[in-house]
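**Q** Here you go, upload-v2.txt (compact mmCIF, C-alpha atoms):
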```txt
# COMPACT_ATOMS: atom_id res chain seq x y z
CA MET A 1 -33.75 3.39 39.65
CA ASP A 2 -33.39 6.80 41.32
CA THR A 3 -34.66 10.06 39.90
CA ALA A 4 -31.29 11.14 38.49
CA SER A 5 -30.71 7.89 36.62
CA GLU A 6 -34.31 7.91 35.36
CA ARG A 7 -33.72 11.39 34.02
CA VAL A 8 -30.50 10.30 32.30
CA ALA A 9 -32.24 7.26 30.77
CA GLU A 10 -35.04 9.49 29.52
CA GLU A 11 -32.56 11.91 27.95
CA ILE A 12 -30.65 9.06 26.28
CA ALA A 13 -33.93 7.83 24.81
CA TRP A 14 -34.70 11.33 23.50
CA ILE A 15 -31.27 11.58 21.91
CA HIS A 16 -31.78 8.19 20.27
CA ARG A 17 -35.10 9.37 18.84
CA ILE A 18 -33.57 12.65 17.72
CA GLY A 19 -31.02 10.60 15.81
CA GLN A 20 -33.96 9.08 13.93
CA GLY A 21 -35.27 12.54 13.07
CA ASP A 22 -37.90 12.85 15.82
CA ARG A 23 -38.65 16.55 16.32
CA VAL A 24 -40.88 15.92 19.32
CA ALA A 25 -37.92 14.41 21.17
CA LEU A 26 -35.83 17.40 20.13
CA GLY A 27 -38.46 19.68 21.64
CA GLN A 28 -38.37 17.73 24.91
CA LEU A 29 -34.61 17.89 25.14
CA TYR A 30 -34.70 21.57 24.17
CA ARG A 31 -37.12 22.48 26.96
CA ARG A 32 -34.92 20.75 29.50
CA TYR A 33 -31.55 21.95 28.30
CA ALA A 34 -31.89 25.26 26.47
CA PRO A 35 -32.28 27.36 29.65
CA ARG A 36 -29.34 25.52 31.22
CA ILE A 37 -27.15 26.06 28.18
CA PHE A 38 -28.19 29.71 28.08
CA ARG A 39 -27.20 30.19 31.69
CA PHE A 40 -23.94 28.30 31.18
CA VAL A 41 -23.06 30.43 28.16
CA THR A 42 -24.02 33.73 29.78
CA ARG A 43 -21.61 32.89 32.58
CA MET A 44 -18.91 32.98 29.91
CA ILE A 45 -19.99 35.85 27.64
CA LYS A 46 -21.91 39.07 28.27
CA ASP A 47 -23.81 39.14 24.98
CA GLU A 48 -27.24 37.58 25.64
CA ALA A 49 -28.29 37.69 21.97
CA LYS A 50 -25.15 35.80 21.04
CA ALA A 51 -25.82 33.39 23.92
CA GLU A 52 -29.30 32.66 22.52
CA GLU A 53 -27.73 32.04 19.12
CA LEU A 54 -25.20 29.67 20.69
CA VAL A 55 -27.99 27.76 22.44
CA ASN A 56 -29.58 27.03 19.06
CA ASP A 57 -26.18 26.26 17.51
CA VAL A 58 -25.69 23.60 20.17
CA MET A 59 -29.21 22.21 19.70
CA MET A 60 -28.72 22.18 15.93
CA GLU A 61 -25.50 20.23 16.46
CA ILE A 62 -27.45 17.76 18.60
CA TRP A 63 -30.11 17.46 15.87
CA LYS A 64 -27.47 16.64 13.29
CA GLY A 65 -25.12 14.62 15.49
CA ALA A 66 -27.46 12.70 17.83
CA VAL A 67 -26.96 9.54 15.82
CA GLN A 68 -23.26 9.66 16.76
CA TYR A 69 -23.89 9.96 20.53
CA GLU A 70 -22.13 6.93 22.01
CA ARG A 71 -23.11 7.23 25.70
CA ARG A 72 -19.48 7.50 26.74
CA SER A 73 -20.58 10.47 28.81
CA SER A 74 -23.91 11.50 30.28
CA PRO A 75 -26.19 13.64 28.11
CA SER A 76 -25.59 16.70 30.32
CA THR A 77 -21.80 16.30 30.05
CA TRP A 78 -22.05 15.84 26.30
CA ILE A 79 -24.31 18.85 25.84
CA LEU A 80 -22.51 21.23 28.21
CA GLY A 81 -19.15 20.17 26.79
CA MET A 82 -20.46 21.05 23.34
CA ALA A 83 -21.79 24.38 24.62
CA ARG A 84 -18.45 25.27 26.18
CA PHE A 85 -16.54 24.33 23.04
CA ARG A 86 -18.81 26.43 20.84
CA THR A 87 -18.71 29.37 23.23
CA LEU A 88 -14.91 29.33 23.41
CA ASN A 89 -14.78 29.23 19.61
CA ALA A 90 -17.16 32.17 19.43
CA ILE A 91 -15.03 34.09 21.91
CA ARG A 92 -11.86 33.39 19.94
CA GLY A 93 -13.40 34.07 16.56
CA LYS A 94 -15.40 37.20 17.26
CA GLN A 95 -13.67 38.88 20.17
CA LEU A 96 -16.80 38.64 22.32
CA ASP A 97 -16.81 40.35 25.68
CA THR A 98 -16.27 37.73 28.34
CA VAL A 99 -17.47 37.87 31.91
CA GLU A 100 -14.28 38.80 33.69
CA TYR A 101 -13.01 38.63 37.23
CA SER A 102 -13.34 42.00 38.91
CA GLN A 103 -11.64 42.37 42.26
CA ALA A 104 -14.68 41.41 44.27
CA PRO A 105 -14.48 38.71 46.85
CA GLU A 106 -11.26 39.84 48.45
CA ALA A 107 -12.97 42.72 50.27
CA GLU A 108 -13.98 41.53 53.69
CA ASP A 109 -15.24 44.96 54.65
CA GLU A 110 -17.44 45.15 51.58
CA ALA A 111 -18.88 41.76 52.44
CA GLY A 112 -19.56 42.78 56.01
CA ASP A 113 -21.20 46.07 55.08
CA ALA A 114 -23.30 44.62 52.33
CA SER A 115 -24.58 41.74 54.39
CA SER A 116 -25.57 43.56 57.56
CA GLY A 117 -29.29 43.32 58.23
CA CYS A 118 -30.04 41.23 55.14
CA THR A 119 -32.53 38.40 54.88
CA GLN A 120 -31.39 34.92 53.81
CA ASP A 121 -32.71 35.56 50.28
CA GLU A 122 -30.82 38.81 50.07
CA LEU A 123 -27.71 37.12 51.40
CA ARG A 124 -27.99 34.47 48.70
CA GLN A 125 -28.37 37.16 46.07
CA LEU A 126 -25.23 38.83 47.43
CA LEU A 127 -23.30 35.60 47.29
CA ARG A 128 -24.56 34.91 43.77
CA ASN A 129 -23.29 38.30 42.68
CA THR A 130 -19.96 37.51 44.26
CA VAL A 131 -19.71 34.14 42.54
CA ALA A 132 -20.40 35.94 39.26
CA ARG A 133 -17.29 38.00 39.92
CA LEU A 134 -14.97 35.05 40.46
CA SER A 135 -12.37 34.25 37.81
CA ALA A 136 -13.77 32.29 34.88
CA GLU A 137 -12.07 29.04 35.86
CA HIS A 138 -13.37 29.19 39.44
CA ARG A 139 -16.81 30.39 38.43
CA GLU A 140 -17.43 27.63 35.91
CA VAL A 141 -16.52 24.91 38.41
CA VAL A 142 -18.90 26.39 41.00
CA GLU A 143 -21.66 26.75 38.39
CA LEU A 144 -21.24 23.23 37.04
CA ALA A 145 -21.24 21.71 40.52
CA PHE A 146 -24.06 23.69 42.11
CA PHE A 147 -26.32 24.73 39.24
CA HIS A 148 -25.83 21.86 36.82
CA ASP A 149 -25.25 19.22 39.55
CA CYS A 150 -22.26 17.74 37.76
CA SER A 151 -19.92 15.33 39.51
CA TYR A 152 -16.26 16.30 39.63
CA LYS A 153 -15.62 13.68 36.94
CA GLU A 154 -18.22 15.27 34.66
CA VAL A 155 -16.83 18.75 35.34
CA ALA A 156 -13.37 17.49 34.40
CA GLU A 157 -14.75 16.07 31.16
CA ILE A 158 -16.60 19.26 30.28
CA LEU A 159 -13.63 21.50 31.09
CA GLN A 160 -11.13 19.05 29.60
CA CYS A 161 -8.88 19.10 32.65
CA PRO A 162 -7.79 16.60 35.35
CA GLU A 163 -10.20 15.73 38.16
CA ASN A 164 -7.77 16.98 40.80
CA THR A 165 -7.65 20.35 39.05
CA VAL A 166 -11.43 20.56 39.31
CA LYS A 167 -11.35 19.79 43.03
CA THR A 168 -8.56 22.28 43.63
CA ARG A 169 -10.39 25.00 41.70
CA MET A 170 -13.47 24.46 43.81
CA TYR A 171 -11.37 24.62 46.96
CA HIS A 172 -9.84 27.92 45.87
CA ALA A 173 -13.18 29.33 44.73
CA LYS A 174 -14.56 28.62 48.17
CA ALA A 175 -11.46 30.19 49.74
CA LYS A 176 -12.14 33.35 47.68
CA LEU A 177 -15.70 33.41 48.99
CA LYS A 178 -14.66 32.68 52.56
CA PRO A 179 -14.72 36.33 53.73
CA TRP A 180 -18.25 36.65 52.42
CA LEU A 181 -19.38 33.38 53.88
CA THR A 182 -17.88 34.31 57.24
CA ASN A 183 -19.33 37.79 57.28
CA LEU A 184 -22.69 36.60 56.10
CA GLY A 185 -22.93 35.29 59.66
CA LEU A 186 -23.40 31.67 58.77
CA SER A 187 -23.54 29.35 61.68
CA LEU A 188 -24.45 25.75 62.09
CA SER A 189 -27.67 26.67 63.87
CA GLU A 190 -28.80 28.74 60.86
CA THR A 191 -27.96 26.17 58.25
CA GLY A 192 -28.99 23.12 60.16
CA GLY A 193 -25.53 21.57 60.33
CA VAL A 194 -24.74 18.30 58.66
CA THR A 195 -27.55 17.05 56.51
CA MET B 1 -6.46 11.73 53.27
CA SER B 2 -5.39 15.30 54.14
CA GLU B 3 -7.78 17.94 55.46
CA GLN B 4 -7.61 19.81 52.17
CA ARG B 5 -8.30 16.67 50.16
CA MET B 6 -11.33 15.96 52.34
CA GLU B 7 -12.58 19.52 52.03
CA GLU B 8 -12.16 19.27 48.26
CA MET B 9 -14.70 16.46 48.29
CA LEU B 10 -17.28 18.47 50.25
CA ALA B 11 -18.70 20.35 47.27
CA TRP B 12 -19.55 17.06 45.58
CA TYR B 13 -20.85 15.60 48.82
CA VAL B 14 -23.22 18.56 48.91
CA ASN B 15 -24.41 18.14 45.30
CA GLY B 16 -24.91 14.42 45.88
CA THR B 17 -22.63 13.09 43.16
CA LEU B 18 -20.01 11.19 45.21
CA ASP B 19 -20.01 7.43 45.03
CA ALA B 20 -20.85 5.40 48.14
CA ALA B 21 -17.22 4.89 49.25
CA GLU B 22 -16.36 8.57 48.89
CA ARG B 23 -19.54 9.57 50.70
CA GLN B 24 -18.67 7.31 53.62
CA GLN B 25 -15.17 8.81 53.83
CA VAL B 26 -16.59 12.32 53.97
CA GLU B 27 -19.20 11.39 56.55
CA ALA B 28 -16.53 9.80 58.77
CA TRP B 29 -14.48 12.98 58.48
CA LEU B 30 -17.48 15.18 59.31
CA ALA B 31 -18.44 13.22 62.42
CA ASP B 32 -17.39 15.03 65.59
CA ASN B 33 -15.57 17.66 63.52
CA PRO B 34 -17.25 21.03 64.08
CA GLU B 35 -14.82 22.84 61.79
CA ALA B 36 -15.59 20.41 58.93
CA GLN B 37 -19.31 20.81 59.61
CA MET B 38 -18.91 24.57 59.30
CA GLN B 39 -17.22 24.08 55.95
CA LEU B 40 -20.11 21.85 54.90
CA ALA B 41 -22.62 24.50 55.89
CA GLU B 42 -20.77 27.06 53.80
CA TYR B 43 -20.81 24.78 50.75
CA GLU B 44 -24.51 24.20 51.27
CA PHE B 45 -25.11 27.92 51.36
CA MET B 46 -23.08 28.27 48.16
CA ARG B 47 -25.13 25.54 46.48
CA ASP B 48 -28.43 27.10 47.54
CA SER B 49 -27.34 30.52 46.34
CA VAL B 50 -26.01 29.37 42.98
CA ALA B 51 -28.83 26.91 42.27
CA GLU B 52 -31.43 29.64 42.64
CA THR B 53 -32.01 31.64 39.49
CA GLY B 54 -31.44 35.28 40.28
CA SER B 55 -34.18 37.79 39.63
CA GLU B 56 -31.72 39.93 37.74
CA GLU B 57 -31.21 37.25 35.12
CA SER B 58 -33.02 37.51 31.83
CA ALA B 59 -35.46 34.70 31.51
CA PHE B 60 -34.65 32.60 28.49
CA ASP B 61 -37.69 32.34 26.22
CA THR B 62 -37.69 28.61 25.62
CA GLU B 63 -40.70 28.43 23.30
CA ALA B 64 -39.48 31.28 21.10
CA GLY B 65 -36.05 29.67 20.96
CA LEU B 66 -37.57 26.31 20.04
CA ASP B 67 -39.65 27.90 17.27
CA ALA B 68 -36.50 29.54 15.92
CA LEU B 69 -34.68 26.21 16.01
CA MET B 70 -37.47 24.39 14.14
CA ALA B 71 -37.53 27.15 11.52
CA ARG B 72 -33.78 26.79 11.14
CA ILE B 73 -34.08 23.03 10.67
CA ASP B 74 -36.80 23.59 8.03
CA GLN B 75 -34.54 26.05 6.21
CA ASP B 76 -31.61 23.69 6.45
CA GLU B 77 -33.62 20.82 5.00
CA ALA B 78 -35.10 23.03 2.27
CA ALA B 79 -31.61 24.18 1.34
CA ASN B 80 -30.53 20.56 0.94
CA GLN B 81 -33.62 19.63 -1.11
CA PRO B 82 -32.53 21.13 -4.49
CA GLN B 83 -29.33 19.12 -4.31
CA LEU B 84 -31.35 15.97 -3.78
CA ASP B 85 -33.63 16.89 -6.69
CA ALA B 86 -30.64 17.52 -8.91
CA SER B 87 -29.19 14.17 -8.06
CA GLY B 88 -32.47 12.54 -9.15
CA GLY B 89 -32.21 13.65 -12.82
CA SER B 90 -30.95 11.57 -15.73
CA LEU B 91 -27.25 10.92 -16.13
CA TRP B 92 -27.10 13.23 -19.15
CA GLN B 93 -28.96 16.00 -17.27
CA ARG B 94 -26.61 15.69 -14.29
CA PHE B 95 -23.61 15.74 -16.62
CA ARG B 96 -24.91 18.88 -18.34
CA GLN B 97 -25.60 20.45 -14.96
CA SER B 98 -22.13 19.64 -13.65
CA LEU B 99 -20.63 21.28 -16.75
CA GLN B 100 -22.98 24.28 -16.37
CA TRP B 101 -23.67 23.62 -20.07
CA ASN B 102 -26.31 26.29 -20.48
CA LEU B 103 -23.95 28.93 -19.15
CA THR B 104 -21.12 27.88 -21.46
CA PRO B 105 -20.57 30.13 -24.56
CA ALA B 106 -21.42 28.57 -27.94
CA PHE B 107 -17.81 28.59 -29.27
CA ALA B 108 -16.67 26.78 -26.11
CA ARG B 109 -19.39 24.16 -26.54
CA VAL B 110 -18.25 23.54 -30.17
CA ALA B 111 -14.63 23.25 -29.03
CA MET B 112 -15.56 20.83 -26.23
CA VAL B 113 -17.63 18.62 -28.55
CA SER B 114 -14.83 18.59 -31.16
CA GLN B 115 -12.27 17.69 -28.53
CA LEU B 116 -14.49 14.92 -27.25
CA GLY B 117 -14.85 13.59 -30.84
CA VAL B 118 -11.08 13.54 -31.37
CA VAL B 119 -10.56 11.73 -28.08
CA MET B 120 -13.15 9.13 -29.03
CA VAL B 121 -11.61 8.53 -32.51
CA LEU B 122 -8.12 8.15 -31.01
CA GLY B 123 -9.50 5.77 -28.43
CA ALA B 124 -11.17 3.67 -31.15
CA LEU B 125 -7.90 3.53 -33.11
CA LEU B 126 -6.09 2.25 -30.05
CA MET B 127 -8.66 -0.51 -29.75
CA LEU B 128 -7.97 -1.81 -33.31
CA PRO B 129 -5.76 -4.92 -33.49
CA ALA B 130 -2.12 -4.29 -34.42
CA GLU B 131 -0.92 -5.47 -37.87
CA THR B 132 1.58 -7.90 -36.38
CA GLU B 133 1.23 -9.75 -33.14
CA GLU B 134 4.72 -11.29 -33.28
CA PRO B 135 6.24 -10.56 -29.92
CA GLY B 136 9.83 -10.55 -31.19
CA TYR B 137 10.85 -13.24 -28.75
CA GLN B 138 9.80 -16.77 -27.99
CA VAL B 139 9.33 -18.36 -24.61
CA LEU B 140 10.78 -21.79 -23.97
CA SER B 141 7.37 -23.38 -24.27
CA GLY B 142 6.83 -21.69 -27.68
CA PRO B 143 3.60 -20.30 -29.10
CA PRO B 144 0.26 -21.71 -27.92
CA ALA B 145 -0.44 -25.21 -29.19
CA VAL B 146 -3.08 -25.42 -31.89
CA VAL B 147 -2.98 -29.18 -32.38
CA ALA B 148 -6.36 -30.82 -31.96
CA GLY B 149 -6.56 -34.02 -29.90
CA GLY B 150 -4.05 -35.24 -27.31
CA VAL B 151 -1.96 -33.22 -24.94
CA VAL B 152 0.93 -31.17 -26.32
CA LEU B 153 4.05 -30.80 -24.23
CA THR B 154 7.39 -29.05 -24.58
CA LEU B 155 10.24 -31.45 -24.03
CA GLY B 156 13.83 -30.55 -23.17
CA LEU B 157 16.59 -33.18 -23.26
CA ALA B 158 20.08 -33.51 -21.86
CA PRO B 159 22.67 -32.34 -24.49
CA ASP B 160 24.26 -35.78 -24.90
CA THR B 161 20.97 -37.60 -25.55
CA ARG B 162 21.28 -39.81 -28.57
CA ALA B 163 18.62 -39.83 -31.32
CA ASP B 164 17.88 -43.53 -30.89
CA ALA B 165 17.40 -43.00 -27.12
CA LEU B 166 14.92 -40.18 -27.86
CA GLN B 167 13.04 -42.37 -30.30
CA ALA B 168 12.88 -45.24 -27.81
CA LEU B 169 11.66 -42.89 -25.08
CA LEU B 170 8.91 -41.38 -27.22
CA ARG B 171 7.87 -44.73 -28.57
CA SER B 172 7.58 -46.19 -25.08
CA GLN B 173 4.97 -43.55 -24.21
CA GLN B 174 3.33 -43.45 -27.67
CA ALA B 175 4.40 -39.82 -28.02
CA GLU B 176 5.11 -38.18 -31.35
CA ILE B 177 7.17 -35.14 -32.22
CA ILE B 178 5.05 -32.45 -33.81
CA ALA B 179 7.68 -29.67 -33.91
CA GLY B 180 11.35 -29.15 -33.17
CA PRO B 181 14.00 -29.12 -32.36
CA SER B 182 13.66 -25.38 -31.66
CA ALA B 183 16.60 -22.98 -31.44
CA LEU B 184 16.77 -23.91 -27.78
CA GLY B 185 16.82 -27.62 -28.58
CA THR B 186 13.32 -28.36 -27.33
CA TYR B 187 10.67 -30.49 -29.01
CA ARG B 188 6.92 -30.16 -29.03
CA ILE B 189 5.45 -33.58 -28.53
CA ARG B 190 1.92 -34.92 -28.40
CA LEU B 191 0.66 -37.64 -26.10
CA PRO B 192 -2.43 -39.68 -26.99
CA ASP B 193 -5.74 -38.45 -25.65
CA ASP B 194 -6.41 -41.39 -23.32
CA ASP B 195 -6.64 -42.13 -19.60
CA GLN B 196 -2.90 -42.82 -19.37
CA GLN B 197 -1.85 -39.23 -19.94
CA ALA B 198 -0.81 -38.57 -16.36
CA ALA B 199 1.16 -41.81 -16.12
CA ARG B 200 2.87 -41.16 -19.47
CA THR B 201 3.79 -37.62 -18.42
CA ALA B 202 5.16 -38.92 -15.10
CA ALA B 203 7.21 -41.59 -16.88
CA LEU B 204 8.70 -39.04 -19.28
CA LYS B 205 9.59 -36.68 -16.42
CA ALA B 206 11.23 -39.51 -14.53
CA HIS B 207 13.52 -40.41 -17.44
CA PRO B 208 17.17 -39.33 -16.79
CA ALA B 209 17.49 -37.76 -20.27
CA VAL B 210 14.49 -35.39 -19.77
CA THR B 211 15.49 -32.00 -18.35
CA TYR B 212 12.25 -30.13 -19.07
CA LEU B 213 8.66 -31.17 -19.62
CA GLU B 214 5.76 -28.76 -19.36
CA PRO B 215 2.45 -28.33 -21.15
CA ALA B 216 2.92 -26.27 -24.32
CA GLN B 217 1.11 -22.92 -24.46
```
The structure in this file should be written as structure tokens.

**A**
Amino acid sequence: MDTASERVAEEIAWIHRIGQGDRVALGQLYRRYAPRIFRFVTRMIKDEAKAEELVNDVMMEIWKGAVQYERRSSPSTWILGMARFRTLNAIRGKQLDTVEYSQAPEAEDEAGDASSGCTQDELRQLLRNTVARLSAEHREVVELAFFHDCSYKEVAEILQCPENTVKTRMYHAKAKLKPWLTNLGLSLSETGGVT
Amino acid sequence: MSEQRMEEMLAWYVNGTLDAAERQQVEAWLADNPEAQMQLAEYEFMRDSVAETGSEESAFDTEAGLDALMARIDQDEAANQPQLDASGGSLWQRFRQSLQWNLTPAFARVAMVSQLGVVMVLGALLMLPAETEEPGYQVLSGPPAVVAGGVVLTLGLAPDTRADALQALLRSQQAEIIAGPSALGTYRIRLPDDDQQAARTAALKAHPAVTYLEPAQ
């Protein structure tokens, strides 16, 4: 059993125990997922206080609904799907400010100027800022793939869209970032090539 | 698979979630393909950048959040407790509670009790037996048999059956007429209470003059 599948098995066991009213298991799942949910939600809405509230709404839903978890999807897909659904409802219901696309990654010159003389850490920070300015549909695919380590199938399940749409969104997100990636001066020698 | 399709797989090659067959396809495409390797390096840079938590991000206070969640669960359970307690009372107490009896004005309580009394009296009256139980019609088999001993049957005969033929038939099976003929021309007959009942009934049914033979009600 590899580390990822061990982690999934552990989470399934926690959810099973939560379904039996085990608060210790809830605490374990909370410590693993609450920061991830918070980050996921704050990529969708600006209001951090509301995001914290949504984290606990999701965990409360898990507390009450764990007994109905049927393992048709992985725990992370189940939980992030729930978080997305609740966040979208909150956005619709309360007119929350969303994190919107703001003309960023198109500007090759901006990318070139900003990146000149930067360290790798600074370059990563620049790219992170740029990802944060992608459109919501591109940003969430990038986040789910690279922060939450979701497969394209899991991303499709969380976003409720076809797998090919997920792949295409990632392709276009990368295309949007291409000027930055190019001007950041990436080369195979720097990155180590194929791993 | 097209170049674009292959590149679309790269992100998931980088995050390690492709299955073995997909991974092999991507690796075959990457081999001796400098342009594809450059794409891969860019995806890896993206992954490293995104996976790192930025210093500008507010750190989520996990322990405070967990405490808040546990407090919320306690509140939720406490809120449900009175309902459970209420459901544990006697039937009369729960009934009173459901009516909000204590909050009901006195005149309304009197009216409700009176109404309940009337309903109960009317219900009791409905339960009393009617003065006549005559249904106003009679089924072919007639009213239920009250004759003790033997089996009572309703017998129908062909219209041209002669009296002496009927007598001979009944005598042959030791049957006797106990009522009839009815308005419909049927007789109620009784067969002896012995072990030949089934055979006697079968013999009567088989006779060409018998058009109807069923146990009387």

**Q** Show me which bits of chain A are within 7 Å of chain B, counting all atoms listed in the file, as an NGL selection string.

**A** :A and (27 or 30-31 or 34-35 or 56 or 124-125 or 127-128 or 143 or 145-147 or 149 or 151-152 or 167-168 or 170-171 or 181 or 188 or 191 or 193-194)

**Q** Could you write out that same residue set with C-alpha atoms as a PDB file, in the frame of the given file?

**A**
```
ATOM      1  CA  GLY A  27     -38.460  19.680  21.640  1.00  0.00           C
ATOM      2  CA  TYR A  30     -34.700  21.570  24.170  1.00  0.00           C
ATOM      3  CA  ARG A  31     -37.120  22.480  26.960  1.00  0.00           C
ATOM      4  CA  ALA A  34     -31.890  25.260  26.470  1.00  0.00           C
ATOM      5  CA  PRO A  35     -32.280  27.360  29.650  1.00  0.00           C
ATOM      6  CA  ASN A  56     -29.580  27.030  19.060  1.00  0.00           C
ATOM      7  CA  ARG A 124     -27.990  34.470  48.700  1.00  0.00           C
ATOM      8  CA  GLN A 125     -28.370  37.160  46.070  1.00  0.00           C
ATOM      9  CA  LEU A 127     -23.300  35.600  47.290  1.00  0.00           C
ATOM     10  CA  ARG A 128     -24.560  34.910  43.770  1.00  0.00           C
ATOM     11  CA  GLU A 143     -21.660  26.750  38.390  1.00  0.00           C
ATOM     12  CA  ALA A 145     -21.240  21.710  40.520  1.00  0.00           C
ATOM     13  CA  PHE A 146     -24.060  23.690  42.110  1.00  0.00           C
ATOM     14  CA  PHE A 147     -26.320  24.730  39.240  1.00  0.00           C
ATOM     15  CA  ASP A 149     -25.250  19.220  39.550  1.00  0.00           C
ATOM     16  CA  SER A 151     -19.920  15.330  39.510  1.00  0.00           C
ATOM     17  CA  TYR A 152     -16.260  16.300  39.630  1.00  0.00           C
ATOM     18  CA  LYS A 167     -11.350  19.790  43.030  1.00  0.00           C
ATOM     19  CA  THR A 168      -8.560  22.280  43.630  1.00  0.00           C
ATOM     20  CA  MET A 170     -13.470  24.460  43.810  1.00  0.00           C
ATOM     21  CA  TYR A 171     -11.370  24.620  46.960  1.00  0.00           C
ATOM     22  CA  LEU A 181     -19.380  33.380  53.880  1.00  0.00           C
ATOM     23  CA  LEU A 188     -24.450  25.750  62.090  1.00  0.00           C
ATOM     24  CA  THR A 191     -27.960  26.170  58.250  1.00  0.00           C
ATOM     25  CA  GLY A 193     -25.530  21.570  60.330  1.00  0.00           C
ATOM     26  CA  VAL A 194     -24.740  18.300  58.660  1.00  0.00           C
TER      27      VAL A 194
END
```

**Q** So which residues are close to (-21.0, 16.6, 32.0), meaning at most 7 Å away in the file's coordinates with only C-alpha atoms counted, and can you show them as a PyMOL selection string?

**A** chain A and resi 73-74+76-78+80-81+150+154-155+157-158

**Q** If I take CA of Asp57 (chain A) and CA of Asn89 (chain A), how far is one from the other in Å, to one decimal?

**A**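 Answer for the CA of Asp57 (chain A) to CA of Asn89 (chain A) separation: 12.0 Å.
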